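A short write-up of the structure that comes next.
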Amino acid sequence: MIYVLGIESSCDETAAAIVTADRRILSNIVYSQVTEHKLFGGIVPEIAARAHLEKIDVVVKKALDDANLKIAEVSAVAGTCGPGLIGGLIVGATFAKAISMARCIPFIAVNHIEAHAISIRLTEDIDFPYLLLLASGGHCQLCIVHAIDRFEVIGKTIDDSIGESFDKVAKLLGLGYPGGSAIEKTSAAGNNERFSLPRPLCRKGLRDFSFAGLKTAVRIAEGKCITEQDKVDLCACFQKAVIDILVYKVEQALKICENKNLTGVVMAGGVAANKAIRTALQNICNDYGLNFLAPPINLCTDNGAMIAWLGVEKFLANQYGDLKFSPRPRWPMSENLEQSYPLN
Ligand code: KG4
Ligand code: ZN
C-alpha cells in the first residue's frame, strides 16, 4: 500500500495527514492559529511562521499516531511549497524535505492551489475535465481542470479574492476573524433584499471577477446602519451579491464550455464551505444537467489531506523528486501549461 504524508503550512493552519493511494484518509490533523491572530483581526506573517515552527513536529507526529503508522512505513512526503507566506512555507517544506532525506523516500513539492483544485478526487469519483470554481482566502478563479497539471483559465479576480472580501466585510461589520463562517452564520438572520449592492463585472463577455467595489459599497452602506439588525441585513445582502456573481460567472462558463464534455462542476477552497453558495451552485448545475461537487466541509478549508492527495496523484504519475525545489510565495497554478481561454 502507498501511504503519503502531506504537510501544509502556507497560511494560518499547521496541518498534516496520511492518505493512501486507494483514497483512505488515515489521519488529518489541523492546528488552527486563529487564537494567535484573532487579537490582530487578521494574519500576522511573523506570528504565523513562529507558530508553524512550534507546532509542526507535534502535528506530524499526531498524524502518524492517528494513522497507526510508523515513519518507516510512509512511501513519500508531500509538502506545500507555495503560494503562501514565505515563513510558513519554509518551515513546512524544510520539515518535509528533512523526512524525505532521513528516510530516503521521495519528496513531492505541492502547489497549494493545485491541491485545492484536485482535492475533490480524494472524496468523489470524478474524471477530467471538470469546471472548477476555486475560491479561497488568496485566490479566485474559474478554470477547466484537464489533468493534475493542466488548467485552462477562464477567468480570475482582478482585485480581491472571494475569501478576502468575506474577511474584509466581516471586519467592517464587526464580526471578527475569520470572517467567512461568521458572515454565513449572520446572513441566515438577515433580509438579503434590504440594501442594493453592485454585482461587478456581471456582463456578457466579461470573464474576470472583481470584489473590491462590492466591499466599498458595503462600507458606504455600513455608514448608514443604525441598529444591529441593519448590519445583519447588510451582511445578508453582501452574501447574496457574492452568490449572484458566482452563479452568473459559472453559468457564463457553462455556456462557453458546452462542447467541452465536462464531467461536472466543482467548487473548492475555503469559501466552498459556505452552504448557501453550494446550494445556489447546485441549483444552477441541476438546470444544466451537470453534477455539482464540493469537498466535505472540513476538507474545503486548508488541510493536510489535500496536500497528501495531490502527493498521491503525482507519485502515481511519476512526478516527484523535487528536493531542490525552493518554496515560492508566488507560484501560479501549473504555470508552464496555463493558457487563457480565448475571449468569445
Ligand atoms: O482555502 P482557505 O482555508 O485558505 C486559503 O488557501 O486562502 O480559505 C480561507 C478563506 C477565508 O477567507 C475564509 O473567510 C473563507 O475561506 N471561508 C468562508 C467560509 N469558511 C471559510 N467563506 C465563506 N463562507 C464560509 N463558510
Ligand atoms: Zn487554501
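To be explicit about the labels: the chains of the C-alpha cells are called A, B, and onward in the order shown, and within each one the residues are counted from 1, while ligands get numbers from 1 in the order they are shown.
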
request  = Show me which residues sit within 7 Å of ligand 2 when counting only C-alpha atoms and all ligand atoms, and put them as a VMD selection string.
outcome  = chain A and resid 112 to 113 116 136 to 137 269 to 270 301 to 302

Each residue of chain A lying at most 10 Å from ligand 1 should get a row with its shortest atom-to-atom pair and the distance in Å to one decimal, counting only C-alpha atoms and all ligand atoms; could you produce that, ordered by chain and increasing number, as a tab-separated table?
```
residue	atom	partner	partner_atom_place_in_ligand_line	distance
A:Ser10	CA	ligand 1	6 (O)	7.8
A:Cys11	CA	ligand 1	4 (O)	6.9
A:Asp12	CA	ligand 1	4 (O)	8.0
A:Glu13	CA	ligand 1	3 (O)	8.1
A:Pro83	CA	ligand 1	6 (O)	8.8
A:Gly84	CA	ligand 1	6 (O)	8.0
A:His112	CA	ligand 1	6 (O)	7.2
A:Ile113	CA	ligand 1	6 (O)	7.1
A:Ala115	CA	ligand 1	6 (O)	9.9
A:His116	CA	ligand 1	1 (O)	7.4
A:Leu134	CA	ligand 1	1 (O)	8.8
A:Ala135	CA	ligand 1	1 (O)	7.2
A:Ser136	CA	ligand 1	8 (O)	3.9
A:Gly137	CA	ligand 1	7 (O)	3.1
A:Gly138	CA	ligand 1	7 (O)	4.4
A:His139	CA	ligand 1	7 (O)	6.7
A:Cys140	CA	ligand 1	7 (O)	9.5
A:Ser161	CA	ligand 1	12 (O)	8.0
A:Ile162	CA	ligand 1	12 (O)	7.0
A:Gly163	CA	ligand 1	12 (O)	3.2
A:Glu164	CA	ligand 1	12 (O)	4.9
A:Ser165	CA	ligand 1	12 (O)	7.4
A:Phe166	CA	ligand 1	14 (O)	5.5
A:Asp167	CA	ligand 1	14 (O)	5.1
A:Lys168	CA	ligand 1	12 (O)	8.8
A:Val169	CA	ligand 1	14 (O)	9.8
A:Ala170	CA	ligand 1	14 (O)	8.6
A:Tyr177	CA	ligand 1	14 (O)	7.8
A:Pro178	CA	ligand 1	14 (O)	5.3
A:Gly179	CA	ligand 1	14 (O)	4.5
A:Gly180	CA	ligand 1	14 (O)	3.3
A:Ser181	CA	ligand 1	26 (N)	3.7
A:Ala182	CA	ligand 1	26 (N)	7.3
A:Ile183	CA	ligand 1	24 (N)	6.7
A:Glu184	CA	ligand 1	24 (N)	5.4
A:Lys185	CA	ligand 1	26 (N)	7.9
A:Gln239	CA	ligand 1	23 (C)	8.5
A:Val242	CA	ligand 1	23 (C)	9.7
A:Ala268	CA	ligand 1	1 (O)	7.8
A:Gly269	CA	ligand 1	1 (O)	4.1
A:Gly270	CA	ligand 1	8 (O)	3.3
A:Val271	CA	ligand 1	22 (N)	3.7
A:Ala272	CA	ligand 1	19 (C)	6.8
A:Ala273	CA	ligand 1	26 (N)	4.6
A:Asn274	CA	ligand 1	26 (N)	3.7
A:Lys275	CA	ligand 1	26 (N)	6.9
A:Ala276	CA	ligand 1	24 (N)	8.4
A:Ile277	CA	ligand 1	24 (N)	8.0
A:Arg278	CA	ligand 1	24 (N)	9.9
A:Ile297	CA	ligand 1	26 (N)	8.6
A:Asn298	CA	ligand 1	20 (N)	9.6
A:Leu299	CA	ligand 1	3 (O)	8.8
A:Cys300	CA	ligand 1	1 (O)	6.3
A:Thr301	CA	ligand 1	3 (O)	3.3
A:Asp302	CA	ligand 1	3 (O)	4.0
A:Asn303	CA	ligand 1	3 (O)	7.7
```

request  = Provide the CA of Ile148 (chain A) to CA of Gln282 (chain A) distance in Å, to one decimal place.
outcome  =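 Going from CA of Ile148 (chain A) over to CA of Gln282 (chain A) covers 24.0 Å.
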
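For Phe95 (chain A), the set of protein, DNA and RNA residues having any atom at most 9 Å away, when counting only C-alpha atoms and skipping those fewer than 2 positions along the same chain, is Ile7, Ile56, Asp57, Gly79, Ile90, Val91, Gly92, Ala93, Lys97, Ala98, Ile99 and Ser100 of chain A.
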
With C-alpha atoms retained, could you export that selection as a short mmCIF file (atom, residue, chain, number, x, y, z; two decimals), in the first residue's frame?
```
data_model
loop_
_atom_site.label_atom_id
_atom_site.label_comp_id
_atom_site.auth_asym_id
_atom_site.auth_seq_id
_atom_site.Cartn_x
_atom_site.Cartn_y
_atom_site.Cartn_z
CA ILE A 7 2.24 18.72 5.21
CA ILE A 56 4.87 21.21 13.12
CA ASP A 57 6.58 18.28 14.86
CA GLY A 79 4.82 19.44 1.28
CA ILE A 90 9.98 27.35 4.67
CA VAL A 91 9.00 25.62 7.92
CA GLY A 92 6.71 23.03 6.25
CA ALA A 93 8.84 22.38 3.17
CA LYS A 97 12.42 17.53 2.95
CA ALA A 98 14.21 16.50 6.13
CA ILE A 99 11.90 13.48 6.49
CA SER A 100 12.45 12.64 2.82
#
```

key: DSSP alpha helix (DSSP H) residues within region 1-181 of chain A, as a PyMOL selection string   = chain A and resi 34-38+45-66+86-103+112-118+120-123+162-172+179-181

With 9 Å as the cut-off and only C-alpha atoms counted, what is the closest atom pair between each nearby residue of region 132-206 of chain A and region 248-255 of chain A? Distances in Å to one decimal, ordered by chain and number, as a Markdown table.
```
| residue | atom | partner | partner_atom | distance |
| --- | --- | --- | --- | --- |
| A:Leu133 | CA | A:Val250 | CA | 7.7 |
| A:Leu142 | CA | A:Val250 | CA | 7.8 |
| A:Cys143 | CA | A:Ala253 | CA | 8.7 |
| A:Ile154 | CA | A:Ala253 | CA | 7.3 |
| A:Gly155 | CA | A:Lys249 | CA | 8.7 |
| A:Cys202 | CA | A:Tyr248 | CA | 6.8 |
| A:Arg203 | CA | A:Tyr248 | CA | 8.8 |
| A:Lys204 | CA | A:Gln252 | CA | 7.6 |
| A:Gly205 | CA | A:Gln252 | CA | 8.3 |
| A:Leu206 | CA | A:Lys249 | CA | 8.8 |
```

request  = Go through A:Asp322, A:Asp230, A:Asp149, A:Glu193 one by one, measure the shortest atom-to-atom distance of each to Ala117 (chain A) using only C-alpha atoms, and give the residue with the smallest value.
outcome  =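 Distance minimum relative to Ala117 (chain A) lands on A:Asp149.
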
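The environment of region 259-264 of chain A within 7 Å, counting only C-alpha atoms and disregarding residues fewer than 3 places along the same chain, consists of Ile126, Asp127, Phe128, Pro129, Tyr130, Leu131, Leu290, Asn291 and Phe292 of chain A.
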
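Minimum atom-to-atom distance to Glu313 (chain A), evaluated using only C-alpha atoms, belongs to A:Arg121 out of A:Arg328, A:Lys38, A:Arg121, A:Lys231.
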
message = Applying 9 Å and only C-alpha atoms, which residues near Val218 (chain A) remain after dropping the ones on its own chain fewer than 2 positions away? List them as JSON, numbers by chain.
response = {"A": [169, 172, 197, 213, 214, 215, 216, 220, 221, 222, 223, 234, 235, 237, 238]}

task = Could you check which of A:Gly6, A:Pro198, A:Gly190, A:Gly88 is closest to Gln229 (chain A), using only C-alpha atoms?
result = A:Gly190

key: Counting only C-alpha atoms, the option among A:Asn192, A:Thr94, A:Ser75, A:Thr14 closest to Tyr31 (chain A)   =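 That would be A:Thr14, the residue with the smallest distance to Tyr31 (chain A).
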